[in-house]
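Printed here is input38.txt (compact mmCIF, C-alpha atoms and all ligand atoms):
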```
# COMPACT_ATOMS: atom_id res chain seq x y z
CA MET A 612 61.57 -129.85 87.45
CA THR A 613 59.62 -133.02 87.05
CA LYS A 614 56.27 -132.99 88.71
CA HIS A 615 55.81 -135.85 91.13
CA ASN A 616 52.81 -137.95 91.83
CA TRP A 617 51.67 -137.11 95.36
CA LYS A 618 48.25 -138.70 95.12
CA GLN A 619 48.90 -141.75 97.26
CA ILE A 620 50.89 -139.82 99.87
CA ILE A 621 48.11 -137.24 100.21
CA GLN A 622 45.56 -140.01 100.60
CA GLU A 623 47.61 -141.61 103.36
CA ILE A 624 48.06 -138.32 105.19
CA LYS A 625 44.37 -137.52 104.95
CA ARG A 626 43.32 -140.81 106.44
CA SER A 627 45.89 -140.74 109.28
CA LYS A 628 45.94 -138.82 112.52
CA ASN A 629 49.05 -139.76 114.52
CA ILE A 630 51.93 -139.26 112.12
CA LEU A 631 55.53 -140.04 112.99
CA ILE A 632 58.23 -138.03 111.22
CA THR A 633 61.87 -139.07 111.30
CA THR A 634 65.18 -138.51 109.49
CA HIS A 635 68.74 -139.84 109.28
CA ILE A 636 71.30 -140.03 112.06
CA ASN A 637 73.44 -136.92 112.54
CA PRO A 638 70.69 -134.88 110.90
CA ASP A 639 71.58 -131.84 108.80
CA GLY A 640 69.71 -128.66 107.96
CA ASP A 641 67.69 -130.37 105.26
CA GLY A 642 66.65 -133.30 107.44
CA LEU A 643 65.71 -131.06 110.35
CA GLY A 644 64.23 -128.28 108.21
CA SER A 645 62.07 -130.71 106.25
CA GLU A 646 60.88 -132.32 109.48
CA ALA A 647 60.06 -128.99 111.14
CA ALA A 648 58.27 -127.66 108.07
CA PHE A 649 56.20 -130.78 107.63
CA TYR A 650 55.45 -131.07 111.33
CA ARG A 651 54.12 -127.51 111.47
CA TYR A 652 52.14 -128.02 108.30
CA LEU A 653 50.52 -131.22 109.58
CA LYS A 654 49.62 -129.43 112.82
CA LYS A 655 47.78 -126.84 110.77
CA MET A 656 45.96 -129.66 109.01
CA ASP A 657 44.72 -130.71 112.48
CA LYS A 658 46.87 -133.80 112.53
CA ASN A 659 48.80 -135.06 115.50
CA PRO A 660 52.40 -135.32 114.23
CA ILE A 661 55.48 -136.17 116.27
CA ILE A 662 59.15 -135.88 115.36
CA LEU A 663 61.31 -138.70 116.74
CA ASN A 664 64.97 -138.88 115.69
CA SER A 665 67.64 -141.37 116.66
CA SER A 666 70.20 -138.59 117.09
CA ALA A 667 70.14 -135.69 119.52
CA PHE A 668 69.11 -132.28 118.22
CA VAL A 669 71.81 -130.10 116.65
CA LYS A 670 72.14 -126.81 118.51
CA GLU A 671 72.86 -124.73 115.38
CA TYR A 672 69.25 -125.25 114.41
CA ALA A 673 67.75 -124.08 117.70
CA PHE A 674 65.59 -121.54 115.87
CA LEU A 675 63.65 -124.44 114.33
CA ASN A 676 62.97 -125.84 117.78
CA GLU A 677 61.64 -122.87 119.76
CA ASP A 678 58.60 -124.85 120.88
CA GLU A 679 60.60 -128.06 121.35
CA ILE A 680 59.10 -130.08 118.55
CA PHE A 681 62.16 -132.32 118.16
CA ASN A 682 62.45 -135.44 120.33
CA GLN A 683 65.31 -137.87 120.58
CA TYR A 684 63.96 -141.39 120.32
CA ASP A 685 63.99 -143.43 123.50
CA LYS A 686 62.88 -147.05 123.29
CA VAL A 687 61.26 -147.10 126.73
CA LYS A 688 59.84 -143.61 126.82
CA HIS A 689 58.22 -143.82 123.38
CA LYS A 690 57.08 -147.44 123.43
CA LYS A 691 53.43 -146.64 124.06
CA LEU A 692 53.41 -143.73 121.67
CA LEU A 693 54.72 -145.88 118.82
CA ARG A 694 51.78 -148.26 119.20
CA GLY A 695 49.38 -145.41 118.44
CA ILE A 696 51.11 -144.29 115.23
CA ASP A 697 49.08 -144.66 112.00
CA LEU A 698 51.64 -143.45 109.49
CA ILE A 699 55.42 -143.07 109.30
CA ILE A 700 57.07 -140.42 107.15
CA ILE A 701 60.80 -140.72 106.58
CA LEU A 702 62.54 -137.63 105.26
CA ASP A 703 65.92 -137.07 103.59
CA VAL A 704 67.05 -140.68 103.88
CA SER A 705 66.42 -143.61 101.60
CA SER A 706 67.96 -146.49 103.49
CA MET A 707 66.56 -147.86 106.72
CA SER A 708 69.98 -148.34 108.33
CA ARG A 709 70.69 -144.59 108.14
CA LEU A 710 67.70 -144.07 110.43
CA GLY A 711 69.72 -145.25 113.41
CA LYS A 712 68.33 -147.10 116.39
CA ILE A 713 64.65 -146.17 115.79
CA HIS A 714 64.72 -148.30 112.62
CA HIS A 715 64.38 -151.63 114.47
CA ASP A 716 61.30 -150.44 116.32
CA LEU A 717 59.55 -149.10 113.23
CA ASP A 718 59.76 -152.33 111.28
CA PRO A 719 57.35 -154.29 113.52
CA LEU A 720 54.69 -151.54 113.43
CA ASP A 721 52.06 -152.55 110.97
CA VAL A 722 51.64 -149.16 109.29
CA ASN A 723 52.61 -147.63 105.97
CA MET A 724 56.02 -146.02 105.62
CA ILE A 725 56.38 -143.11 103.28
CA CYS A 726 59.79 -141.93 102.09
CA ILE A 727 60.39 -138.47 100.66
CA ASP A 728 63.99 -137.99 99.66
CA HIS A 729 66.60 -136.87 97.15
CA HIS A 730 69.41 -139.36 97.79
CA PRO A 731 70.29 -142.11 95.31
CA ASN A 732 68.10 -145.01 96.27
CA HIS A 733 69.31 -148.58 96.43
CA GLY A 734 66.42 -150.94 96.64
CA ASN A 735 62.95 -149.91 97.62
CA PHE A 736 62.31 -150.31 101.31
CA PHE A 737 59.17 -148.26 101.43
CA ASN A 738 55.53 -148.84 100.63
CA ILE A 739 55.11 -145.40 99.16
CA SER A 740 57.79 -142.94 98.12
CA VAL A 741 58.74 -139.87 96.16
CA ILE A 742 62.48 -140.00 95.62
CA ASP A 743 64.13 -137.63 93.17
CA GLU A 744 67.88 -137.24 92.96
CA THR A 745 67.60 -134.18 90.74
CA VAL A 746 66.17 -131.86 93.38
CA SER A 747 68.51 -129.79 95.54
CA ALA A 748 66.97 -130.74 98.86
CA THR A 749 64.23 -132.81 100.44
CA ALA A 750 62.74 -129.47 101.51
CA CYS A 751 61.99 -128.76 97.81
CA LEU A 752 59.86 -131.90 97.70
CA ILE A 753 58.09 -131.00 100.94
CA TYR A 754 57.23 -127.59 99.52
CA GLU A 755 55.88 -129.22 96.37
CA LEU A 756 53.73 -131.54 98.48
CA ILE A 757 52.46 -128.65 100.60
CA LYS A 758 51.46 -126.74 97.47
CA GLU A 759 49.70 -129.83 96.21
CA ILE A 760 47.67 -130.26 99.42
CA SER A 761 46.90 -126.62 100.12
CA PRO A 762 49.36 -123.74 99.99
CA GLU A 763 47.05 -121.52 102.08
CA LEU A 764 48.40 -123.13 105.24
CA MET A 765 51.96 -121.88 104.57
CA ASP A 766 53.35 -119.43 107.10
CA VAL A 767 56.67 -117.81 107.93
CA LYS A 768 57.77 -120.58 110.34
CA ILE A 769 57.15 -123.28 107.74
CA ALA A 770 58.89 -121.14 105.11
CA GLU A 771 61.89 -120.62 107.39
CA ALA A 772 62.26 -124.37 107.92
CA LEU A 773 61.98 -125.08 104.18
CA TYR A 774 64.46 -122.31 103.41
CA THR A 775 66.88 -123.85 105.93
CA GLY A 776 66.74 -127.16 104.06
CA VAL A 777 67.44 -125.74 100.64
CA MET A 778 70.03 -123.24 101.87
CA THR A 779 72.09 -125.77 103.83
CA ASP A 780 71.96 -128.56 101.23
CA THR A 781 73.15 -126.20 98.46
CA GLY A 782 75.93 -124.73 100.63
CA SER A 783 74.05 -121.43 100.66
CA PHE A 784 73.35 -121.69 96.92
CA ARG A 785 76.98 -122.32 95.94
CA TYR A 786 77.19 -126.06 95.24
CA GLU A 787 76.71 -127.97 92.00
CA ASN A 788 73.20 -128.98 93.03
CA THR A 789 71.89 -125.40 93.06
CA THR A 790 69.09 -125.43 90.51
CA PRO A 791 66.88 -122.63 89.16
CA HIS A 792 64.10 -124.28 91.12
CA ALA A 793 66.06 -123.97 94.38
CA MET A 794 66.58 -120.27 93.72
CA GLU A 795 62.90 -119.78 92.86
CA MET A 796 61.90 -121.55 96.01
CA ALA A 797 64.18 -119.30 98.06
CA ILE A 798 62.47 -116.26 96.56
CA GLU A 799 59.05 -117.67 97.38
CA MET A 800 60.16 -118.29 100.98
CA MET A 801 61.27 -114.65 101.18
CA HIS A 802 57.79 -113.62 100.13
CA TYR A 803 56.47 -115.56 103.12
CA GLY A 804 58.72 -113.42 105.31
CA VAL A 805 61.97 -115.38 105.58
CA LYS A 806 65.07 -113.22 106.09
CA PRO A 807 68.07 -114.99 104.50
CA SER A 808 70.56 -112.98 106.53
CA VAL A 809 68.92 -114.05 109.80
CA VAL A 810 68.77 -117.75 108.88
CA TYR A 811 72.38 -117.66 107.69
CA ARG A 812 73.55 -115.94 110.88
CA ASP A 813 71.64 -118.35 113.10
CA ILE A 814 73.26 -121.37 111.47
CA TYR A 815 76.72 -120.27 110.38
CA GLU A 816 77.70 -117.26 112.46
CA ASN A 817 77.26 -118.83 115.84
CA LYS A 818 80.62 -120.50 116.31
CA LYS A 819 82.50 -120.81 119.56
CA PRO A 820 86.17 -119.85 119.90
CA ALA A 821 87.02 -123.52 120.61
CA GLN A 822 85.68 -124.50 117.20
CA MET A 823 87.83 -121.85 115.49
CA LYS A 824 90.89 -123.11 117.36
CA LEU A 825 90.22 -126.62 116.09
CA LEU A 826 89.70 -125.27 112.58
CA GLY A 827 93.05 -123.51 112.79
CA MET A 828 94.74 -126.72 113.85
CA MET A 829 93.09 -128.62 111.00
CA LEU A 830 94.00 -126.00 108.36
CA GLN A 831 97.68 -126.38 109.20
CA LYS A 832 97.48 -130.09 108.59
CA ILE A 833 95.83 -130.28 105.20
CA LYS A 834 97.66 -132.66 102.89
CA PHE A 835 97.69 -132.11 99.15
CA GLU A 836 98.11 -134.85 96.59
CA GLU A 837 97.49 -135.45 92.89
CA ASP A 838 98.82 -132.01 91.86
CA GLY A 839 96.66 -130.30 94.42
CA LYS A 840 93.43 -131.87 93.21
CA LEU A 841 93.07 -133.92 96.36
CA ALA A 842 93.09 -132.23 99.75
CA TRP A 843 92.58 -134.32 102.86
CA PHE A 844 92.90 -133.94 106.58
CA SER A 845 92.27 -135.94 109.70
CA ILE A 846 91.09 -134.98 113.16
CA THR A 847 91.64 -137.03 116.31
CA GLN A 848 89.61 -137.01 119.51
CA GLU A 849 92.72 -135.81 121.29
CA GLN A 850 92.95 -132.74 119.06
CA ILE A 851 89.27 -132.00 119.62
CA LYS A 852 89.75 -132.25 123.36
CA SER A 853 92.90 -130.14 123.38
CA CYS A 854 90.92 -127.27 121.83
CA GLY A 855 88.00 -127.65 124.22
CA ALA A 856 85.77 -128.50 121.26
CA VAL A 857 83.30 -131.35 120.65
CA THR A 858 83.01 -133.76 117.71
CA GLY A 859 80.05 -131.91 116.17
CA ASP A 860 82.24 -128.81 115.86
CA VAL A 861 83.90 -130.22 112.75
CA ASP A 862 80.72 -129.74 110.72
CA GLY A 863 81.45 -127.46 107.83
CA PHE A 864 85.23 -127.85 107.97
CA THR A 865 85.35 -129.32 104.47
CA ASP A 866 83.88 -126.06 103.17
CA TYR A 867 87.06 -124.20 104.10
CA VAL A 868 89.14 -126.73 102.20
CA ARG A 869 86.97 -126.62 99.10
CA SER A 870 87.64 -122.90 98.84
CA ILE A 871 91.24 -123.66 97.80
CA LYS A 872 91.93 -123.15 94.10
CA GLY A 873 92.54 -126.34 92.14
CA VAL A 874 91.17 -128.67 94.79
CA GLU A 875 88.64 -131.07 93.28
CA VAL A 876 88.13 -133.62 96.03
CA ILE A 877 88.18 -133.12 99.79
CA VAL A 878 88.27 -135.94 102.31
CA MET A 879 87.86 -135.50 106.03
CA PHE A 880 88.83 -138.39 108.31
CA LEU A 881 87.27 -137.89 111.70
CA GLU A 882 88.29 -140.26 114.48
CA ILE A 883 85.15 -141.20 116.40
CA ASN A 884 87.07 -143.50 118.72
CA LYS A 885 90.08 -145.82 118.50
CA LYS A 886 88.10 -148.30 116.42
CA SER A 887 85.94 -146.12 114.21
CA VAL A 888 86.43 -143.28 111.73
CA ARG A 889 83.89 -141.13 109.93
CA MET A 890 84.78 -140.00 106.43
CA ASN A 891 83.27 -137.12 104.52
CA PHE A 892 83.91 -136.93 100.78
CA ARG A 893 83.26 -133.70 98.91
CA SER A 894 83.75 -132.99 95.22
CA LYS A 895 83.55 -129.80 93.23
CA GLY A 896 81.70 -131.61 90.47
CA LYS A 897 84.21 -133.48 88.34
CA VAL A 898 84.89 -136.57 90.42
CA ILE A 899 82.00 -138.73 91.62
CA VAL A 900 82.62 -139.52 95.27
CA ASN A 901 79.64 -141.57 96.40
CA ARG A 902 81.19 -144.53 94.56
CA ILE A 903 84.08 -144.38 97.04
CA ALA A 904 81.73 -144.02 100.00
CA GLU A 905 79.65 -146.98 98.82
CA LYS A 906 82.76 -149.15 98.67
CA PHE A 907 83.09 -148.61 102.41
CA ASN A 908 79.41 -149.25 103.17
CA GLY A 909 78.50 -145.58 103.09
CA GLY A 910 76.66 -143.53 100.54
CA GLY A 911 75.29 -140.15 99.66
CA HIS A 912 75.08 -137.83 96.71
CA LYS A 913 77.42 -137.83 93.72
CA PHE A 914 79.41 -134.89 95.03
CA ALA A 915 78.83 -135.17 98.79
CA ALA A 916 79.02 -138.54 100.49
CA GLY A 917 80.15 -140.23 103.67
CA ALA A 918 81.01 -143.54 105.29
CA ILE A 919 82.16 -144.96 108.60
CA THR A 920 84.90 -147.56 109.04
CA LYS A 921 85.54 -149.83 111.98
CA LEU A 922 89.29 -149.29 111.85
CA THR A 923 91.82 -146.98 113.45
CA LEU A 924 92.48 -143.60 111.91
CA ASP A 925 95.79 -144.70 110.36
CA GLU A 926 94.31 -147.90 108.98
CA THR A 927 91.38 -146.00 107.50
CA VAL A 928 93.56 -143.41 105.78
CA LYS A 929 95.79 -146.14 104.31
CA LYS A 930 92.85 -148.16 103.10
CA VAL A 931 90.70 -145.40 101.62
CA LEU A 932 93.11 -142.93 100.00
CA PRO A 933 94.18 -145.27 97.16
CA ASP A 934 90.56 -145.43 96.01
CA VAL A 935 90.25 -141.66 96.14
CA ARG A 936 93.45 -141.23 94.12
CA ASN A 937 92.16 -143.74 91.59
CA GLU A 938 88.85 -141.98 91.14
CA ILE A 939 90.71 -138.71 90.54
CA ARG A 940 93.11 -140.31 88.05
CA ASN A 941 90.22 -141.87 86.17
CA VAL A 942 88.81 -138.45 85.42
CA VAL A 943 90.68 -136.08 83.13
CA ILE A 944 90.50 -132.81 85.00
CA LYS A 945 91.25 -129.66 83.07
MN MN B 1001 69.12 -133.43 101.92
```
Could you render the structure from this file as structure tokens?
Ligand SMILES: [Mn+2]
Amino acid sequence: MTKHNWKQIIQEIKRSKNILITTHINPDGDGLGSEAAFYRYLKKMDKNPIILNSSAFVKEYAFLNEDEIFNQYDKVKHKKLLRGIDLIIILDVSSMSRLGKIHHDLDPLDVNMICIDHHPNHGNFFNISVIDETVSATACLIYELIKEISPELMDVKIAEALYTGVMTDTGSFRYENTTPHAMEMAIEMMHYGVKPSVVYRDIYENKKPAQMKLLGMMLQKIKFEEDGKLAWFSITQEQIKSCGAVTGDVDGFTDYVRSIKGVEVIVMFLEINKKSVRMNFRSKGKVIVNRIAEKFNGGGHKFAAGAITKLTLDETVKKVLPDVRNEIRNVVIK
């Protein structure tokens, strides 16, 4: 793994006291894990960090939030607090718009913004950044930074948060982006006391019956195209309601579809409302899918990307699938 230059970031951290940490909307295990790890580490450095996210906390990650360190950003409630911030650290996101509503209120603050991330970066929005697409998770970069500052402050809570980031972003060490470094890091986290079985259970074995019902409904409706290389499905708000589930319950559904033999690309179309659809694109490593997502103003990693349209579900499916088919046809898949 390439070694990164942390000098400027460390300088900024050392000379700051009130440090704001934030991540992308609909945060995942890497966004939240990186935030929690870094928050706890900064606390131990005698800093005064605060986590403010545009989105609400995700209940699957409750074990990261035992002492309620995560706050959902509220323009009125946090107005005064923002004025006292001396440094902003943005994790697991490299475009300002993906920060959600907090983004507009960070811009006017006259403080440095640091970005630490592993997404492809389009244009540099940040004063100072370490962005590396080759690492499995942002948590890997946070661990590197911690080791650079002083590894003595590591503890089991920090390790658990870092482990969460690397485990969730690699699909529990199954996806294409699982590197030797990710595995080594997992081992090191175990030496700090992390129990992989406990973290896995907390995140993935906590499902409600309603979510399984919805999954069952979805599995019956998978459509296969391109000789089984493309598998896609859609979910409407009505279906979610009929199962007694909530929108967030669809997280992880694409994983079930990727387990089908021969499937190379998975697309989930999730109706947010009658005028907006969220799409998740997943690839097993032969077809690059962030190109499709970018075409619809989204983005992400080569093999895991997303976008949101302002169309109905039917319109979205009709508009997007031709591009997916094309990307698959452009690649000779053995
Ligand atoms: Mn990530």
Q | Selection within 9 Å of ligand MN 1001 (chain B) by only C-alpha atoms and all ligand atoms, output as a VMD selection string | A | chain A and resid 639 to 642 645 702 to 704 728 to 730 747 to 750 776 to 777 779 to 781
Q: Calculate how many Å separate atom CA of Leu692 of chain A from atom CA of Glu679 of chain A, rounding to one decimal.
A: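 Pair atom CA of Leu692 of chain A / atom CA of Glu679 of chain A returns 17.2 Å.
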Q.
Set the distance at 12 Å and use only C-alpha atoms: which residues neighbour segment 846-850 of chain A once local chain neighbours fewer than 4 positions away are removed? I'd like the list as an MDAnalysis selection string.
A. chainID A and resid 821:822 824:833 854:862 864:865 878:891 923:925 928
Taking the point (74.1, -120.4, 113.9) as given in the file, collect each protein or nucleic acid residue that comes within 9 Å of it, counting all atoms listed in the file, and present the set as a PDB file with C-alpha atoms, keeping the file's coordinate frame.
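Heads up, here's the output in part34.pdb:
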```pdb
ATOM      1  CA  LYS A 670      72.140-126.810 118.510  1.00  0.00           C
ATOM      2  CA  GLU A 671      72.860-124.730 115.380  1.00  0.00           C
ATOM      3  CA  TYR A 672      69.250-125.250 114.410  1.00  0.00           C
ATOM      4  CA  ALA A 673      67.750-124.080 117.700  1.00  0.00           C
ATOM      5  CA  PHE A 674      65.590-121.540 115.870  1.00  0.00           C
ATOM      6  CA  VAL A 810      68.770-117.750 108.880  1.00  0.00           C
ATOM      7  CA  TYR A 811      72.380-117.660 107.690  1.00  0.00           C
ATOM      8  CA  ARG A 812      73.550-115.940 110.880  1.00  0.00           C
ATOM      9  CA  ASP A 813      71.640-118.350 113.100  1.00  0.00           C
ATOM     10  CA  ILE A 814      73.260-121.370 111.470  1.00  0.00           C
ATOM     11  CA  TYR A 815      76.720-120.270 110.380  1.00  0.00           C
ATOM     12  CA  GLU A 816      77.700-117.260 112.460  1.00  0.00           C
ATOM     13  CA  ASN A 817      77.260-118.830 115.840  1.00  0.00           C
ATOM     14  CA  LYS A 818      80.620-120.500 116.310  1.00  0.00           C
TER      15      LYS A 818
END
```
Q) Which residues, written as a VMD selection string, have at least one atom at most 12 Å from Asp678 of chain A, with all atoms listed in the file counted and residues fewer than 4 positions away on the same chain left out? A) chain A and resid 647 650 to 651 673 to 674 682 768
**Q.** Residue with smallest distance to Met724 of chain A - pool A:Ile630, A:Leu663, A:Cys751, A:Lys834, counting only C-alpha atoms
**A.** A:Ile630
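Of the listed residues A:Asn738, A:Asn901, A:Thr745, A:Ser627, the one whose atoms come nearest to Gly695 of chain A is A:Ser627, with distances taken using all atoms listed in the file.
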Q: Measure the distance from atom CA of Leu932 of chain A to atom CA of Val898 of chain A in Å and round it to one decimal.
A: 14.1 Å
